[in-house]
Amino acid sequence: MEPTTNTEKDPIEEGFGESYDFSAEETLKSTPPSDLFQGAYLQRGRRRQTMMGKAMAVQGKIKKANAYSSVRARICMSASELNDTLNIKVSAGIGIDGIGSASAKFGMLNEAGVSGQDVVMVVYVKHIPWTSFAQDYRMKPNVKNDHMFGMYYGDRWVSKITEGSEFALVYNFKARTQSLRREILGSMQAKGVIPGANLNFDGSVESKIKQLMQRYTYTVKYLVLGISNPPYLNPLKDKVPDFIAKFLKTKPDAPQIVDMDFTNYNSVPR
């Protein structure tokens, strides 16, 4: 009987990696898609991929539905967990700018200095008053499916847009070595804050995080999108759970594109 090999990575040893780039320095210059039915093209860079907006070849009806709110809190151990928790779409492990608020979130992570073996606590809140869906769609009259189609209309089109407001908060505990990372994670687990698990970020969890902030080097960054002038205190001065409660009661007065879905042109009837 051959011995079995455990191919799963140790989450403590994996980390974020020095090769994962949260900065926007290599972002390709383009205008991202912003409307339902608009064409799009994925342009690839060295470490970043950018969704470029193209002309509109598809037309149809729009249905608005699915209002909801969500709160997510998590100790993230890798770049993939960060992307998932912050609702950042990626392709082949590479970040894609130009989709919703991805660029703003990458900028926040870059400002927080996330890298290597750091331990990152993320709080992410969405308030979605509607999602726009494409219905009864078809190709526009006189759109030619020739060799120039991709240049004008891209290789996909926007079939769903989710709009609303977002609040993201990052506590980044700096750990230059794996041993320090293990120590920070051990301290969190001793307080009942379990890495990788979905946490209820209440006053108790916030208090435990603040206790850790007294022991370890850290940075804190946050962003608020979709609300032009939040009528409440800075979350770094107010209690974060109270801030979240107020945030969820505030109507987005400058809705942000939170997410997009794309569909291949092959499925569009003529």
# chains A, B, ... in the order shown; residues from 1 in each chain; ligands from 1

call {"tool": "residues_around", "arguments": {"residues": "Val205 of chain A", "least_positions_apart": "6", "cutoff": "9 Å", "atoms": "only C-alpha atoms", "output": "mmCIF file with all heavy atoms, in the first residue's frame"}}
result
data_model
loop_
_atom_site.group_PDB
_atom_site.id
_atom_site.type_symbol
_atom_site.label_atom_id
_atom_site.label_comp_id
_atom_site.auth_asym_id
_atom_site.auth_seq_id
_atom_site.Cartn_x
_atom_site.Cartn_y
_atom_site.Cartn_z
ATOM 1 N N LYS A 191 -8.581 33.744 22.434
ATOM 2 C CA LYS A 191 -9.691 34.649 22.751
ATOM 3 C C LYS A 191 -10.987 34.240 22.045
ATOM 4 O O LYS A 191 -11.992 34.947 22.103
ATOM 5 C CB LYS A 191 -9.311 36.086 22.374
ATOM 6 C CG LYS A 191 -8.163 36.655 23.189
ATOM 7 C CD LYS A 191 -7.828 38.078 22.764
ATOM 8 C CE LYS A 191 -6.680 38.642 23.601
ATOM 9 N NZ LYS A 191 -7.047 38.734 25.028
ATOM 10 N N GLY A 192 -10.933 33.116 21.309
ATOM 11 C CA GLY A 192 -12.129 32.643 20.623
ATOM 12 C C GLY A 192 -12.358 33.256 19.265
ATOM 13 O O GLY A 192 -13.429 33.105 18.677
ATOM 14 N N VAL A 193 -11.345 33.966 18.736
ATOM 15 C CA VAL A 193 -11.431 34.549 17.401
ATOM 16 C C VAL A 193 -10.712 33.588 16.459
ATOM 17 O O VAL A 193 -9.481 33.556 16.403
ATOM 18 C CB VAL A 193 -10.788 35.950 17.348
ATOM 19 C CG1 VAL A 193 -10.926 36.553 15.957
ATOM 20 C CG2 VAL A 193 -11.437 36.875 18.379
ATOM 21 N N LEU A 199 -17.192 35.334 11.398
ATOM 22 C CA LEU A 199 -17.334 35.834 12.763
ATOM 23 C C LEU A 199 -18.494 36.813 12.877
ATOM 24 O O LEU A 199 -18.786 37.560 11.941
ATOM 25 C CB LEU A 199 -16.039 36.524 13.205
ATOM 26 C CG LEU A 199 -14.754 35.687 13.112
ATOM 27 C CD1 LEU A 199 -13.545 36.571 13.355
ATOM 28 C CD2 LEU A 199 -14.788 34.541 14.108
#

call {"tool": "select_by_dssp", "arguments": {"residues": "segment 118-265 of chain A", "states": "strand (DSSP E)", "output": "number ranges by chain"}}
result
A: 119-139, 156-173, 218-225, 256-263

call {"tool": "residues_around", "arguments": {"residues": "Leu180 of chain A", "least_positions_apart": "2", "cutoff": "12 Å", "atoms": "only C-alpha atoms", "output": "list in words"}}
result
Ile12, Glu13, Gly116, Gln117, Asp118, Val119, Phe173, Lys174, Ala175, Arg176, Thr177, Gln178, Arg182, Glu183, Ile184, Leu185, Gly186, Ser187, Arg215, Tyr216 and Thr217 of chain A

call {"tool": "residues_around", "arguments": {"residues": "Gly113 of chain A", "least_positions_apart": "2", "cutoff": "9 Å", "atoms": "only C-alpha atoms", "output": "list in words"}}
result
Phe22, Met108, Leu109, Asn110, Glu111, Ser115, Asn172, Lys174 and Thr219 of chain A

call {"tool": "residues_around", "arguments": {"residues": "Lys63 of chain A", "least_positions_apart": "2", "cutoff": "8 Å", "atoms": "only C-alpha atoms", "output": "number ranges by chain"}}
result
A: 61, 65, 132-135

call {"tool": "write_last_selection", "arguments": {"atoms": "N, CA, C and O atoms", "output": "compact mmCIF listing (two decimals), in the first residue's frame"}}
result
# COMPACT_ATOMS: atom_id res chain seq x y z
N LYS A 61 -34.68 44.33 -21.99
CA LYS A 61 -35.39 44.93 -20.88
C LYS A 61 -34.57 44.82 -19.60
O LYS A 61 -33.69 43.95 -19.49
N ALA A 65 -34.41 44.06 -8.88
CA ALA A 65 -34.92 43.24 -7.78
C ALA A 65 -33.78 42.90 -6.83
O ALA A 65 -32.67 43.38 -6.96
N SER A 132 -29.78 45.02 -11.05
CA SER A 132 -30.39 45.14 -12.38
C SER A 132 -30.04 43.92 -13.22
O SER A 132 -28.86 43.59 -13.39
N PHE A 133 -31.07 43.24 -13.74
CA PHE A 133 -30.90 42.04 -14.55
C PHE A 133 -31.31 42.33 -16.00
O PHE A 133 -32.30 43.02 -16.24
N ALA A 134 -30.58 41.76 -16.95
CA ALA A 134 -30.96 41.85 -18.36
C ALA A 134 -32.00 40.78 -18.67
O ALA A 134 -31.84 39.62 -18.31
N GLN A 135 -33.08 41.19 -19.32
CA GLN A 135 -34.14 40.25 -19.72
C GLN A 135 -34.53 40.48 -21.18
O GLN A 135 -34.37 41.59 -21.71

call {"tool": "closest_residue", "arguments": {"among": "A:Ile99, A:Ile62, A:Ala245, A:Ile209", "to": "Thr131 of chain A", "atoms": "only C-alpha atoms"}}
result
A:Ile62

call {"tool": "closest_atom_pairs", "arguments": {"of": "segment 197-267 of chain A", "to": "segment 141-165 of chain A", "cutoff": "10 Å", "atoms": "only C-alpha atoms", "output": "CSV"}}
result
residue,atom,partner,partner_atom,distance
A:Val224,CA,A:Ser165,CA,7.5
A:Leu225,CA,A:Ser165,CA,5.4
A:Gly226,CA,A:Ser165,CA,4.1
A:Ile227,CA,A:Ser165,CA,6.4
A:Ser228,CA,A:Ser165,CA,9.9
A:Phe247,CA,A:Ser165,CA,8.8
A:Leu248,CA,A:Ser165,CA,8.9
A:Thr250,CA,A:Ser165,CA,9.1
A:Lys251,CA,A:Ser165,CA,8.3
A:Pro252,CA,A:Ser165,CA,5.7
A:Asp253,CA,A:Ser165,CA,8.7
A:Ala254,CA,A:Ser165,CA,8.0
A:Pro255,CA,A:Gly164,CA,4.6
A:Gln256,CA,A:Gly164,CA,5.3
A:Ile257,CA,A:Glu163,CA,4.5
A:Val258,CA,A:Glu163,CA,5.3
A:Asp259,CA,A:Thr162,CA,5.1
A:Met260,CA,A:Ile161,CA,4.7
A:Asp261,CA,A:Lys160,CA,5.0
A:Phe262,CA,A:Val158,CA,4.6
A:Thr263,CA,A:Arg156,CA,5.5
A:Asn264,CA,A:Arg156,CA,4.7
A:Tyr265,CA,A:Arg156,CA,5.7
A:Asn266,CA,A:Arg156,CA,9.0

call {"tool": "atom_distance", "arguments": {"atom1": "atom CA of Ala112 of chain A", "atom2": "atom CA of Val240 of chain A"}}
result
17.9 Å

call {"tool": "atom_distance", "arguments": {"atom1": "atom CA of Lys126 of chain A", "atom2": "atom CA of Phe106 of chain A"}}
result
17.0 Å

call {"tool": "closest_residue", "arguments": {"among": "A:Phe167, A:Tyr137, A:Tyr232, A:Trp130", "to": "Gln38 of chain A", "atoms": "only C-alpha atoms"}}
result
A:Tyr137

call {"tool": "residues_around", "arguments": {"residues": "Val122 of chain A", "least_positions_apart": "2", "cutoff": "9 Å", "atoms": "only C-alpha atoms", "output": "ChimeraX atom specification"}}
result
/A:72-76,82,85-86,120,124,168-172
